[in-house]
Structure formats: structure tokens, C-alpha cells
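Asker: So here's entry.cif, just mmCIF, C-alpha atoms:
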data_model
loop_
_atom_site.label_atom_id
_atom_site.label_comp_id
_atom_site.auth_asym_id
_atom_site.auth_seq_id
_atom_site.Cartn_x
_atom_site.Cartn_y
_atom_site.Cartn_z
CA MET A 1 0.00 0.00 0.00
CA TYR A 2 1.19 3.50 -0.77
CA ILE A 3 1.75 5.63 2.29
CA PRO A 4 2.17 9.39 1.83
CA TYR A 5 4.94 9.83 4.40
CA ASP A 6 5.55 13.47 3.63
CA ILE A 7 1.92 14.36 4.32
CA LEU A 8 1.97 12.29 7.50
CA ILE A 9 5.08 14.14 8.64
CA ILE A 10 3.34 17.47 8.09
CA ILE A 11 0.32 16.29 10.07
CA ALA A 12 2.57 15.02 12.85
CA PHE A 13 4.38 18.35 12.95
CA LEU A 14 1.06 20.19 13.06
CA MET A 15 -0.13 18.07 15.96
CA LEU A 16 3.13 18.43 17.84
CA GLY A 17 3.21 22.15 17.11
CA TYR A 18 -0.33 22.55 18.32
CA GLY A 19 0.10 20.42 21.43
CA PHE A 20 3.36 21.86 22.65
CA GLY A 21 2.60 25.35 21.38
CA GLN A 22 -0.68 25.57 23.28
CA LEU A 23 0.87 24.06 26.37
CA ALA A 24 3.76 26.52 26.28
CA GLU A 25 1.43 29.45 25.68
CA LYS A 26 -0.88 28.57 28.56
CA LYS A 27 2.05 28.08 30.89
CA HIS A 28 3.62 31.32 29.76
CA TYR A 29 0.42 33.31 30.30
CA ARG A 30 0.03 31.86 33.79
CA SER A 31 3.53 32.94 34.63
CA ILE A 32 3.04 36.36 33.02
CA ARG A 33 -0.07 37.09 35.07
CA GLN A 34 1.55 35.93 38.25
CA ARG A 35 4.62 38.10 37.75
CA GLU A 36 2.55 41.06 36.63
CA THR A 37 0.79 40.97 39.98
CA MET A 38 4.08 40.54 41.78
CA LEU A 39 5.73 43.49 40.05
CA LYS A 40 2.70 45.76 39.93
CA ASP A 41 4.28 48.22 42.35
CA ILE A 42 6.99 49.19 39.90
CA LEU A 43 5.04 51.69 37.82
CA ILE A 44 5.70 52.19 34.15
CA PHE A 45 5.10 55.39 32.21
CA GLY A 46 5.28 56.39 28.59
CA ALA A 47 6.03 59.98 29.57
CA LYS A 48 9.55 61.20 28.96
CA SER A 49 10.25 62.40 32.47
CA PRO A 50 8.64 62.08 35.89
CA PRO A 51 6.47 64.86 37.33
CA ALA A 52 8.55 67.81 38.51
CA ASP A 53 7.67 67.31 42.17
CA TRP A 54 9.08 63.76 42.35
CA PRO A 55 12.24 63.58 44.40
CA ILE A 56 14.62 61.63 42.14
CA VAL A 57 17.47 59.87 43.88
CA THR A 58 18.87 57.86 41.00
CA SER A 59 17.97 57.26 37.39
CA GLU A 60 19.26 54.40 35.29
CA LEU A 61 18.62 52.64 31.99
CA VAL A 62 16.76 49.34 32.34
CA HIS A 63 15.84 46.88 29.67
CA GLY A 64 14.17 43.56 29.06
CA ASN A 65 14.62 41.37 26.08
CA VAL A 66 12.81 38.27 24.92
CA VAL A 67 12.77 36.00 21.90
CA VAL A 68 9.68 33.91 21.33
CA SER A 69 9.48 31.24 18.67
CA VAL A 70 6.55 30.48 16.43
CA ASP A 71 5.36 26.90 16.50
CA TYR A 72 4.67 24.92 13.35
CA PHE A 73 0.93 25.07 13.83
CA LYS A 74 0.91 28.86 14.12
CA ARG A 75 3.11 29.21 11.10
CA PHE A 76 0.75 27.00 9.12
CA LEU A 77 -2.21 28.99 10.33
CA PHE A 78 -0.39 32.15 9.34
CA SER A 79 0.29 30.90 5.80
CA LEU A 80 -3.39 30.03 5.45
CA ARG A 81 -4.39 33.42 6.81
CA ASN A 82 -2.09 35.01 4.26
CA ILE A 83 -4.37 33.93 1.43
CA PHE A 84 -7.60 35.36 2.73
CA GLY A 85 -6.43 38.22 4.88
CA GLY A 86 -7.77 39.26 8.26
CA ARG A 87 -6.47 39.22 11.79
CA VAL A 88 -3.58 36.88 12.33
CA GLU A 89 -4.83 35.70 15.70
CA ALA A 90 -2.09 33.13 16.00
CA TYR A 91 0.62 35.78 15.89
CA GLU A 92 -1.27 38.33 17.97
CA SER A 93 -1.00 36.23 21.08
CA LEU A 94 2.65 35.62 20.29
CA ILE A 95 3.48 39.31 20.09
CA ASP A 96 1.34 39.99 23.15
CA ARG A 97 3.36 37.45 25.11
CA GLY A 98 6.60 38.92 23.82
CA ARG A 99 5.68 42.46 24.80
CA ARG A 100 4.47 41.59 28.26
CA GLU A 101 7.43 39.33 28.94
CA ALA A 102 9.86 42.06 27.83
CA VAL A 103 8.18 44.55 30.17
CA LEU A 104 8.35 42.04 33.02
CA ARG A 105 12.05 41.48 32.48
CA MET A 106 12.61 45.21 32.37
CA LYS A 107 10.72 45.54 35.65
CA GLN A 108 12.81 42.72 37.07
CA HIS A 109 15.87 44.70 36.13
CA ALA A 110 14.40 47.77 37.84
CA LEU A 111 13.58 45.73 40.93
CA ARG A 112 17.20 44.69 41.20
CA LEU A 113 18.11 48.38 41.23
CA ASN A 114 15.46 49.07 43.88
CA SER A 115 13.69 51.44 41.51
CA ASP A 116 10.13 52.64 41.99
CA ALA A 117 9.11 53.53 38.48
CA ILE A 118 10.22 53.40 34.86
CA PHE A 119 9.73 56.33 32.52
CA ASN A 120 10.05 56.82 28.81
CA ILE A 121 9.33 53.22 27.90
CA LYS A 122 10.13 52.19 24.33
CA PHE A 123 9.74 48.96 22.42
CA GLU A 124 11.75 47.45 19.62
CA THR A 125 10.80 44.32 17.75
CA SER A 126 12.52 42.32 15.10
CA ALA A 127 12.18 38.98 13.38
CA VAL A 128 15.18 37.10 14.66
CA SER A 129 15.28 34.16 12.32
CA ARG A 130 13.49 33.55 9.14
CA GLY A 131 12.53 29.96 8.65
CA PHE A 132 12.50 28.33 5.28
CA SER A 133 10.89 30.30 2.47
CA SER A 134 11.46 33.33 4.69
CA SER A 135 8.49 32.61 6.93
CA LEU A 136 8.75 34.05 10.41
CA GLY A 137 10.82 31.85 12.71
CA SER A 138 10.87 33.77 15.96
CA VAL A 139 10.30 37.28 17.10
CA GLU A 140 12.36 39.44 19.42
CA VAL A 141 10.79 42.09 21.63
CA PHE A 142 13.03 44.54 23.44
CA ALA A 143 11.69 46.97 26.00
CA TYR A 144 13.74 49.71 27.64
CA GLY A 145 13.24 52.82 29.72
CA THR A 146 14.62 54.99 32.50
CA ALA A 147 14.22 53.56 35.97
CA ILE A 148 14.11 56.03 38.82
CA LYS A 149 14.39 55.74 42.54
CA THR A 150 12.44 58.30 44.54
CA SER A 151 13.42 57.56 48.12
CA MET B 1 -1.11 62.60 43.24
CA LYS B 2 -1.18 58.84 43.39
CA TYR B 3 -0.21 56.82 40.31
CA GLN B 4 -0.95 53.24 39.44
CA ASN B 5 -0.78 50.88 36.46
CA PRO B 6 -3.96 49.00 35.68
CA ARG B 7 -3.99 45.27 35.45
CA ILE B 8 -3.90 44.14 31.83
CA ASP B 9 -6.88 42.05 30.88
CA ASN B 10 -5.94 38.91 29.10
CA ASP B 11 -8.53 39.07 26.37
CA ILE B 12 -7.70 42.47 24.93
CA ASN B 13 -4.95 41.38 22.62
CA VAL B 14 -5.77 37.72 22.45
CA VAL B 15 -8.72 36.43 20.47
CA SER B 16 -10.92 34.01 22.28
CA GLU B 17 -11.83 31.91 19.26
CA HIS B 18 -10.32 28.46 19.54
CA PRO B 19 -7.27 28.17 17.25
CA LEU B 20 -8.45 24.80 15.96
CA LYS B 21 -11.70 26.35 14.82
CA THR B 22 -9.84 29.05 12.92
CA PHE B 23 -7.57 26.38 11.52
CA ALA B 24 -10.45 24.22 10.29
CA LYS B 25 -12.16 27.20 8.71
CA LEU B 26 -9.06 28.42 6.89
CA LEU B 27 -8.01 24.95 5.83
CA LEU B 28 -11.41 24.28 4.32
CA MET B 29 -11.33 27.56 2.41
CA ALA B 30 -7.81 26.96 1.17
CA THR B 31 -8.61 23.41 0.11
CA LEU B 32 -11.61 24.56 -1.87
CA LEU B 33 -9.54 27.25 -3.52
CA ALA B 34 -6.77 24.78 -4.37
CA LEU B 35 -9.28 22.34 -5.82
CA ALA B 36 -10.83 25.06 -7.94
CA ILE B 37 -7.44 26.07 -9.32
CA ILE B 38 -6.38 22.48 -9.97
CA VAL B 39 -9.62 21.63 -11.75
CA LEU B 40 -9.39 24.76 -13.87
CA LEU B 41 -5.76 24.16 -14.83
CA ASN B 42 -6.36 20.49 -15.53
CA PHE B 43 -9.27 21.19 -17.80
CA SER B 44 -7.27 23.66 -19.78
CA ILE B 45 -4.24 21.38 -20.26
CA PRO B 46 -5.41 19.48 -23.38
CA TYR B 47 -6.09 22.81 -25.09
CA VAL B 48 -2.88 24.45 -23.97
CA VAL B 49 -0.72 21.48 -24.97
CA LYS B 50 -1.55 22.02 -28.64
CA PHE B 51 0.39 25.25 -28.49
CA ILE B 52 3.50 23.75 -26.95
CA PRO B 53 5.92 22.80 -29.72
CA PHE B 54 7.46 19.34 -29.54
CA LYS B 55 10.89 20.99 -29.71
CA PHE B 56 10.18 22.68 -26.41
CA GLU B 57 9.24 19.34 -24.89
CA ALA B 58 12.51 17.84 -26.12
CA ALA B 59 14.48 20.74 -24.67
CA LEU B 60 12.67 20.26 -21.38
CA ALA B 61 13.61 16.58 -21.34
CA ASP B 62 17.24 17.53 -21.85
CA ARG B 63 17.09 20.01 -19.04
CA PHE B 64 15.69 17.37 -16.74
CA GLY B 65 18.87 15.44 -17.44
CA MET B 66 17.66 12.89 -19.93
CA THR B 67 20.44 10.35 -20.41
CA LYS B 68 22.20 9.97 -23.72
CA ILE B 69 21.35 7.11 -26.01
CA VAL B 70 23.83 4.26 -25.67
CA PRO B 71 24.17 2.53 -29.05
CA SER B 72 23.85 -1.25 -29.07
CA LYS B 73 22.52 -4.03 -31.25
CA GLN B 74 19.26 -4.00 -29.30
CA GLN B 75 18.97 -0.24 -29.39
CA SER B 76 19.35 -0.04 -33.16
CA TYR B 77 16.85 -2.85 -33.72
CA LEU B 78 14.31 -1.17 -31.46
CA GLN B 79 14.96 2.27 -32.89
CA ASP B 80 14.34 0.88 -36.36
CA LEU B 81 11.08 -0.69 -35.21
CA ALA B 82 10.08 2.62 -33.60
CA ASP B 83 10.77 4.53 -36.80
CA ARG B 84 8.75 2.08 -38.87
CA ILE B 85 5.77 2.46 -36.53
CA LEU B 86 6.14 6.23 -36.35
CA ALA B 87 5.88 6.33 -40.15
CA GLN B 88 2.42 4.77 -39.83
CA THR B 89 1.11 7.31 -37.39
CA GLY B 90 0.79 10.32 -39.66
CA ALA B 91 2.24 12.43 -36.86
CA SER B 92 3.93 15.70 -37.71
CA ASP B 93 7.58 15.57 -38.83
CA GLU B 94 8.51 17.44 -35.69
CA ILE B 95 7.97 14.33 -33.59
CA ARG B 96 10.96 12.01 -33.28
CA ILE B 97 11.37 8.93 -31.17
CA ARG B 98 14.61 8.62 -29.22
CA LEU B 99 14.84 5.04 -28.15
CA HIS B 100 16.81 4.00 -25.07
CA TYR B 101 17.58 0.39 -24.25
CA SER B 102 18.37 -0.55 -20.69
CA ASP B 103 20.11 -3.72 -19.66
CA GLN B 104 17.92 -4.23 -16.60
CA ASP B 105 15.63 -7.14 -15.84
CA THR B 106 12.66 -4.92 -15.10
CA VAL B 107 9.68 -6.01 -17.19
CA ASN B 108 8.86 -2.55 -18.35
CA ALA B 109 8.87 0.07 -21.05
CA TYR B 110 7.83 3.66 -20.80
CA ALA B 111 7.51 6.82 -22.80
CA THR B 112 8.43 10.19 -21.42
CA LEU B 113 9.02 13.81 -22.43
CA GLY B 114 10.64 14.75 -25.71
CA GLY B 115 9.92 11.48 -27.52
CA ASN B 116 12.21 9.52 -25.23
CA VAL B 117 11.10 5.89 -24.99
CA PHE B 118 12.77 3.43 -22.66
CA PHE B 119 12.78 -0.34 -23.14
CA PHE B 120 14.09 -2.73 -20.55
CA LYS B 121 15.80 -6.01 -21.27
CA GLY B 122 13.39 -7.81 -18.95
CA LEU B 123 10.48 -7.06 -21.24
CA VAL B 124 12.24 -7.20 -24.60
CA GLU B 125 13.60 -10.71 -24.03
CA LYS B 126 10.27 -12.13 -22.90
CA LEU B 127 8.31 -11.40 -26.07
CA LYS B 128 8.46 -14.09 -28.72
CA SER B 129 7.20 -12.17 -31.74
CA GLU B 130 8.19 -8.89 -33.25
CA GLN B 131 4.51 -7.99 -33.37
CA ALA B 132 4.19 -8.19 -29.59
CA LEU B 133 7.22 -5.98 -29.22
CA ALA B 134 5.74 -3.67 -31.84
CA MET B 135 2.55 -3.52 -29.79
CA VAL B 136 4.50 -2.21 -26.78
CA MET B 137 6.36 0.18 -29.04
CA ALA B 138 3.20 1.39 -30.73
CA HIS B 139 1.57 1.91 -27.35
CA GLU B 140 4.50 4.02 -26.14
CA ILE B 141 4.70 5.92 -29.41
CA ALA B 142 0.99 6.64 -29.13
CA HIS B 143 1.71 8.33 -25.79
CA ILE B 144 4.34 10.47 -27.49
CA VAL B 145 2.18 11.31 -30.50
CA ASN B 146 -0.79 12.11 -28.28
CA ARG B 147 1.49 14.33 -26.17
CA ASP B 148 0.61 12.42 -23.01
CA PRO B 149 3.94 13.05 -21.25
CA ILE B 150 3.63 16.81 -21.39
CA LYS B 151 -0.01 16.55 -20.32
CA ALA B 152 0.97 14.41 -17.37
CA LEU B 153 3.74 16.81 -16.44
CA GLY B 154 1.29 19.68 -16.82
CA ARG B 155 -1.11 17.97 -14.46
CA GLY B 156 1.61 17.45 -11.89
CA LEU B 157 2.85 20.99 -12.27
CA SER B 158 -0.56 22.60 -12.08
CA THR B 159 -1.25 20.71 -8.88
CA ALA B 160 2.12 21.80 -7.57
CA ILE B 161 1.54 25.40 -8.53
CA ALA B 162 -1.87 25.48 -6.89
CA LEU B 163 -0.54 23.86 -3.75
CA SER B 164 2.54 26.03 -3.53
CA ALA B 165 0.49 29.15 -4.11
CA ILE B 166 -1.75 28.20 -1.25
CA PHE B 167 0.30 26.26 1.24
CA GLY B 168 3.42 27.84 -0.18
CA SER B 169 5.74 29.07 2.45
CA SER B 170 5.37 26.33 4.98
CA ASP B 171 5.14 23.10 3.09
CA ASN B 172 7.91 22.21 0.75
CA ALA B 173 7.21 18.51 1.11
CA LEU B 174 3.86 18.97 -0.56
CA ILE B 175 5.43 20.62 -3.54
CA ARG B 176 8.27 18.20 -3.84
CA ARG B 177 5.71 15.47 -3.93
CA PHE B 178 4.06 16.78 -7.07
CA VAL B 179 6.94 18.33 -8.94
CA GLY B 180 9.47 15.74 -7.95
CA SER B 181 13.08 16.02 -8.93
CA GLY B 182 15.00 13.78 -11.30
CA GLU B 183 12.42 11.09 -10.85
CA THR B 184 9.76 13.13 -12.57
CA LEU B 185 10.43 11.64 -15.96
CA THR B 186 10.01 8.03 -14.97
CA THR B 187 7.02 8.60 -12.77
CA LEU B 188 4.81 10.54 -15.13
CA LYS B 189 1.36 9.15 -14.60
CA TYR B 190 -0.95 8.81 -17.52
CA THR B 191 -4.66 8.62 -17.01
CA ARG B 192 -6.68 5.53 -17.82
CA ASP B 193 -8.13 7.36 -20.81
CA HIS B 194 -4.69 8.06 -22.16
CA GLU B 195 -3.74 4.42 -21.70
CA ALA B 196 -6.85 3.14 -23.42
CA ARG B 197 -6.32 5.50 -26.30
CA ALA B 198 -2.66 4.50 -26.59
CA ASP B 199 -3.77 0.87 -26.81
CA ALA B 200 -6.29 1.62 -29.52
CA ASP B 201 -3.97 3.85 -31.55
CA GLY B 202 -1.09 1.42 -31.14
CA TYR B 203 -3.18 -1.49 -32.35
CA ASP B 204 -4.29 0.54 -35.38
CA TRP B 205 -0.73 1.30 -36.37
CA ILE B 206 0.35 -2.32 -35.96
CA ASN B 207 -2.49 -3.20 -38.30
CA ARG B 208 -1.28 -0.70 -40.84
CA LEU B 209 2.34 -1.79 -40.56
CA TYR B 210 1.83 -5.55 -40.83
CA GLY B 211 -1.57 -5.64 -42.50
CA HIS B 212 -2.95 -7.53 -39.47
CA GLY B 213 -3.00 -7.24 -35.69
CA CYS B 214 -1.91 -10.76 -34.96
CA GLY B 215 0.73 -11.30 -32.31
CA ALA B 216 -0.16 -8.14 -30.41
CA GLU B 217 -2.10 -10.17 -27.88
CA GLU B 218 1.08 -11.90 -26.69
CA LEU B 219 1.96 -8.81 -24.69
CA PHE B 220 -1.25 -8.88 -22.70
CA VAL B 221 -1.05 -12.63 -22.24
CA LEU B 222 2.33 -11.98 -20.63
CA PHE B 223 0.95 -9.21 -18.40
CA GLU B 224 -1.96 -11.36 -17.40
CA ARG B 225 0.34 -14.22 -16.52
CA MET B 226 2.59 -11.90 -14.49
CA HIS B 227 -0.43 -10.53 -12.75
CA SER B 228 -1.54 -13.92 -11.56
CA ASP B 229 2.07 -15.00 -10.98
CA ASP B 230 3.14 -12.50 -8.47
CA GLU B 231 1.50 -9.19 -7.82
CA SER B 232 4.51 -7.64 -6.18
CA ARG B 233 6.61 -8.01 -9.30
CA LEU B 234 4.34 -5.64 -11.13
CA THR B 235 5.92 -2.33 -11.73
CA GLN B 236 3.99 0.84 -11.20
CA ILE B 237 3.30 1.25 -14.90
CA PHE B 238 1.24 -1.92 -15.12
CA ILE B 239 -0.84 -0.94 -12.17
CA THR B 240 -1.90 2.33 -13.76
CA HIS B 241 -2.64 0.58 -17.01
CA PRO B 242 -6.07 -0.84 -17.69
CA TYR B 243 -6.38 -4.44 -16.55
CA ALA B 244 -4.41 -6.82 -18.71
CA SER B 245 -7.38 -9.16 -19.12
CA LYS B 246 -9.56 -6.33 -20.37
CA ARG B 247 -6.91 -5.21 -22.82
CA LEU B 248 -6.47 -8.77 -24.02
CA GLN B 249 -10.20 -9.10 -24.51
CA ARG B 250 -10.35 -5.89 -26.49
CA ILE B 251 -7.51 -7.00 -28.77
CA ARG B 252 -9.15 -10.40 -29.36
CA GLU B 253 -12.37 -8.63 -30.33
CA ASN B 254 -10.45 -6.49 -32.81
CA GLN B 255 -8.68 -9.49 -34.29
CA ALA B 256 -12.11 -11.09 -34.76
CA GLY B 257 -10.76 -14.62 -34.99
CA ALA B 258 -8.42 -13.83 -37.87
CA CYS B 259 -5.36 -14.85 -35.92
CA SER B 260 -5.88 -18.56 -35.26
CA ASP B 261 -2.72 -19.43 -37.16
CA ASN B 262 -0.45 -16.95 -35.49
CA ASP B 263 2.92 -18.46 -36.27
CA SER B 264 2.62 -18.00 -40.00
CA LYS B 265 1.70 -14.36 -39.59
CA THR B 266 4.19 -13.18 -37.03
CA ASN B 267 7.93 -12.63 -37.29
CA ALA B 268 10.29 -13.79 -34.59
CA ASN B 269 11.68 -11.25 -32.16
CA PRO B 270 15.46 -11.54 -32.66
CA LEU B 271 16.04 -10.53 -29.05
CA TYR B 272 13.76 -13.23 -27.60
CA ARG B 273 15.37 -15.38 -24.91
CA GLY B 274 12.36 -17.35 -23.69
CA SER B 275 9.28 -16.23 -21.82
CA ASP B 276 11.01 -16.97 -18.53
CA ALA B 277 14.14 -15.05 -19.44
CA GLY B 278 15.62 -12.79 -16.83
#
Give the structure from this file in C-alpha cells form.

Answerer:
Amino acid sequence: MYIPYDILIIIAFLMLGYGFGQLAEKKHYRSIRQRETMLKDILIFGAKSPPADWPIVTSELVHGNVVVSVDYFKRFLFSLRNIFGGRVEAYESLIDRGRREAVLRMKQHALRLNSDAIFNIKFETSAVSRGFSSSLGSVEVFAYGTAIKTS
Amino acid sequence: MKYQNPRIDNDINVVSEHPLKTFAKLLLMATLLALAIIVLLNFSIPYVVKFIPFKFEAALADRFGMTKIVPSKQQSYLQDLADRILAQTGASDEIRIRLHYSDQDTVNAYATLGGNVFFFKGLVEKLKSEQALAMVMAHEIAHIVNRDPIKALGRGLSTAIALSAIFGSSDNALIRRFVGSGETLTTLKYTRDHEARADADGYDWINRLYGHGCGAEELFVLFERMHSDDESRLTQIFITHPYASKRLQRIRENQAGACSDNDSKTNANPLYRGSDAG
């Protein structure tokens, strides 16, 4: 009997991608929410500088950097989505995780410096690796800002 | 003034629809689209093929790395037979048969792009009469004259194009499967219709060449015997062909009992080494 191995391999990859991808995402979100609660006291601001009446003791650059990989299932979903257009839900959650994780790591950095708040927060993103046929492999999110200590 | 950061809700940036549902929806749409493209391309192939010059087909075969003809006693005998049959077909002068003889025991012969026809020792040495050999030859030449190889390639390519356009970036395996690499030429698949027509055309030409169709049935007797002998020995090509018994029956109907005294009407195949040869 003829067995289409290549198709079976794709299906296996899709199933593995889905299984592990979903598992990793759920776990990551759990950890993100937990740490967001933990670090909620370090405030973050988009404003360039703190209000004039804040007594600033120190100010320092802090940053957080994360690289998240796309799983096979998401990539497949993305290539399908590419035909018809619309929201790429599969990648939205990926970028969301990347952004929040980068902020958390930046806050972690600030915590180590005993800072109270971070101002002038900026984000950078880039596609780190391109998989075959230049599909997105993984995405890097970099967050940085000025951490200040007020007391 | 007291500052605070709000808690980020989880469902602002993340869609709640289950990814599998999205996947199923998109996959269904893509599959329908692919099918539509494939059907459209496949329907247009027979019309498009008329505009592809045979020269182009031959050039394509060369680019795919078609091997050079190795001259031998067998090759020149078979080439001569091919040319005699081709003269009966009324095909345009453009079409040439390039006959290759292979010293392998495979019981097979096939026609591929650019008028290249391959004969294997395993088949050539099993056929007692020239007419049976001519039947194989005429069948393969019919594929060439009817432009079946380029149609088959077109079918494979159109499927590949549709699939790569749709599943493109992520699934090279799918494409490789339909375009193939060097194997493409030996694995061209002809449809049942093409095969049946090649049988009919081939038989016609044998009739014209010899003035009768006697001896042609030997080929299908051999296939039928191989079929009952050992299924696993069948090469792919026989599986895609119409059933040997049906082909045999059709030939017998065409001969209409005129071939009871076969031996006096057929010539011996000079390459025959016994039906169990190889």
C-alpha cells in the first residue's frame, strides 16, 4: 500500500506544534499574570520624564529582552491566513506574550536596582530568524526605559 | 497625586476563538480554492498542450537530465522498429522517437518527455514475436504522438503550482511530492483514458504496418500471466494501465478470430530469450 509519508510528517508536525505550542502558551500566560501581579508596584510610564515634584534619587537605563518562537501550527495557520487576509490571531498572542514578557524582564531589572518607576518606555521588535521560504521563525521584543528611585 | 498601572486584561490582545476552529475554517477555504485552481488548470491542459511545440518538450527533457542514447545491437533494432511504426502514425515531422535500451531485468517500457522511450531487457527478451514488441512500441509511441507526457507533467505541475500558491511558504514537502526532482520523468502518470487510447492507436498502427493485428495479444497474455504469478513483481506502470485481461479481450475482439494461425503471420523477435528469461 502506498503511504504518503511526507503528508503524515506534516500532520505530525502540526499536531506536535499545536500540542506543545498551546501548552507553552498557557504556561507562559500563567507565569506572566503571576509576575505582573508581583511586580505591579513598579510603575511604568510612557512619559519622557517624571512629574517635577518627584524627588529623584537615581535614574538608570533598564531593559528587558525576549525572543519567542513560532510553532509549526501557528506558522501553518499564518500561511493560510495570508491567502484570505484578516487578523492573524495566531501571531497576535505571540506578540502579546513577547511584549508583556519584555516589560516584566525590564521591571525585574528595575527591581534589582530598587527602583520605583520606569519612565520613557520604548519597544523594539525584530524577526530574529526567518525559517525556510522566509516565513517568520521567531520574534524578538526589546523593552527599555529609565528607571528612577524616589526615596 | 497617586499613580498606578492597571492590570492588563488577558482578552484584549488575544482572540478568544479556539485556534483549531480558525484552523479548520481556513483549511477548508484553502482546500476549496486549491481544488478550484487544480480543476481549472487540468481542464485547460489538453487545449494548452496544442500550443507547446514538440521541440520545447525535447528541450525540457534535456534540461531534466535525460540520459544519452547508448548505441547497441538492441537499441538499433528497437529504434528501427520505432521509426517504422512512427511512419504509420501520420504524426507531424517534428515528432521524433529517441529510443533507449536498458540492460535491466525490469519487465517494463515507458515513454516520457521529448519522444524519449525506454525499453528494458526484462520485457524485450520475454516477447516471442516482433509484433508483440511492436505492440509495446506502438503503445508508447501513441503516448508520445498524443502528447501524453507533457499533459501528465502539466497535471503534476498545475497541482504543484496550486498547492505552492496556497500552502506555499510552509510546506515544501507537498510541492516536492508533485513536482518531484529527477524522478519526474520516470514517474509521469498517464490517465486511464490516455492508456486506453494509446492501446487503440497502437493497435491501429500495428495493423497498418503488418496488414494484421496478430501477435499483439502476446503482450497482454504476458501481463496477465505476471499478474496472476506475483503481484509484487508488477511495476507501477502496469498498475496504472487498464487491466491486462480487459486489454487482451479488447484485442481479441479487434482481431475477430483472424489470428488462429499466429505463427505464420508473425515474425520472430530476434532478441527473444524465452518467456522466462531474466

Asker: Distance limit 10 Å, atoms considered: all atoms listed in the file. Which chain A residues sit that close to chain B? Return them as a ChimeraX atom specification.

Answerer: /A:4-7,9-10,18,22,29,33,36-37,40-45,51,72-84,87-97,100,131-136

Asker: Using Å and a single decimal, report how far CA of Val124 (chain B) sits from CA of Glu217 (chain B).

Answerer: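 Taking CA of Glu217 (chain B) and CA of Val124 (chain B), their separation equals 15.0 Å.
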
Asker: Once you count only C-alpha atoms, which residues end up no further than 9 Å from (22.0, 6.2, -27.8) in the file's frame, shown as a list in words?

Answerer: Thr67, Lys68, Ile69, Val70, Pro71, Ser72, Gln75, Ser76, Arg98, Leu99, His100 and Tyr101 of chain B

Asker: Nearest to Ala127 (chain A) among A:Leu111, A:Val67, A:Ala147, A:Met106, with distances taken over all atoms listed in the file: which residue is it?

Answerer: A:Val67

Asker: To one decimal place, how far is CA of Ser158 (chain B) from CA of Val49 (chain B) in Å?

Answerer: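 Here the two named atoms are 12.9 Å from each other.
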
Asker: Here is a test: counting all atoms listed in the file, which residue of A:Ile148, A:Ala52, A:Ala12, A:Leu104 is nearest to Met38 (chain A)?

Answerer: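 Checking each candidate against Met38 (chain A), we get A:Leu104 as the closest.
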
Asker: Quick check, in Å to one decimal: how far apart do CA of Arg35 (chain A) and CA of Leu61 (chain A) lie?

Answerer: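 Atom-to-atom, CA of Arg35 (chain A) and CA of Leu61 (chain A) are spaced 21.0 Å apart.
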
Asker: For region 139-144 of chain B, work out the shell of residues within 7 Å, counting only C-alpha atoms and skipping chain neighbours fewer than 6 positions away, then give it as a PyMOL selection string.

Answerer: chain B and resi 110-111+115+117+198-199+201-202

Asker: Since we have the selection now, will you write its residues out, keeping C-alpha atoms, as a PDB file, in the coordinates of the input?

Answerer:
ATOM      1  CA  TYR B 110       7.830   3.660 -20.800  1.00  0.00           C
ATOM      2  CA  ALA B 111       7.510   6.820 -22.800  1.00  0.00           C
ATOM      3  CA  GLY B 115       9.920  11.480 -27.520  1.00  0.00           C
ATOM      4  CA  VAL B 117      11.100   5.890 -24.990  1.00  0.00           C
ATOM      5  CA  ALA B 198      -2.660   4.500 -26.590  1.00  0.00           C
ATOM      6  CA  ASP B 199      -3.770   0.870 -26.810  1.00  0.00           C
ATOM      7  CA  ASP B 201      -3.970   3.850 -31.550  1.00  0.00           C
ATOM      8  CA  GLY B 202      -1.090   1.420 -31.140  1.00  0.00           C
TER       9      GLY B 202
END

Asker: So what does the PyMOL selection byres ((chain B and resi 95) around 10) actually pick up in this one, as a ChimeraX atom specification?

Answerer: /B:53-55,58,86,91-94,96-98,114-115,141,144-145,147

Asker: Here's the selection I'm unsure about, the PyMOL selection byres ((chain A and resi 102) around 6); applied to the file above, which residues does it give, as a PDB file with C-alpha atoms, in the coordinates of the input?

Answerer:
ATOM      1  CA  GLY A  64      14.170  43.560  29.060  1.00  0.00           C
ATOM      2  CA  ASN A  65      14.620  41.370  26.080  1.00  0.00           C
ATOM      3  CA  VAL A  66      12.810  38.270  24.920  1.00  0.00           C
ATOM      4  CA  ARG A  99       5.680  42.460  24.800  1.00  0.00           C
ATOM      5  CA  ARG A 100       4.470  41.590  28.260  1.00  0.00           C
ATOM      6  CA  GLU A 101       7.430  39.330  28.940  1.00  0.00           C
ATOM      7  CA  VAL A 103       8.180  44.550  30.170  1.00  0.00           C
ATOM      8  CA  LEU A 104       8.350  42.040  33.020  1.00  0.00           C
ATOM      9  CA  ARG A 105      12.050  41.480  32.480  1.00  0.00           C
ATOM     10  CA  PHE A 142      13.030  44.540  23.440  1.00  0.00           C
ATOM     11  CA  ALA A 143      11.690  46.970  26.000  1.00  0.00           C
TER      12      ALA A 143
END

Asker: Here's the selection I'm unsure about, the PyMOL selection byres ((chain B and resi 252) around 12); applied to the file above, which residues does it give, as a PyMOL selection string?

Answerer: chain B and resi 203+213-218+220-221+245-251+253-260

Asker: From the options B:Arg197, B:Lys121, B:Lys21, B:Lys128, which residue's atoms come nearest to Asn108 (chain B), counting all atoms listed in the file?

Answerer: B:Lys121

Asker: Hey, which of B:Arg208, B:Lys50, B:Lys2, B:Arg273 ends up closest to Ile85 (chain B)? Count all atoms listed in the file.

Answerer: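 Selected residue with least distance to Ile85 (chain B): B:Arg208.
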
Asker: Counting only C-alpha atoms, which of B:Gln79, B:Asn42, B:Thr106, B:Ala244 gets nearest to Ile161 (chain B)?

Answerer: B:Asn42

Asker: Which residue, A:Ser115, A:Ser129, A:Thr150, A:Gln108, has the smallest gap to Glu60 (chain A) when you use all atoms listed in the file?

Answerer: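 For Glu60 (chain A), the nearest of the given residues is A:Ser115.
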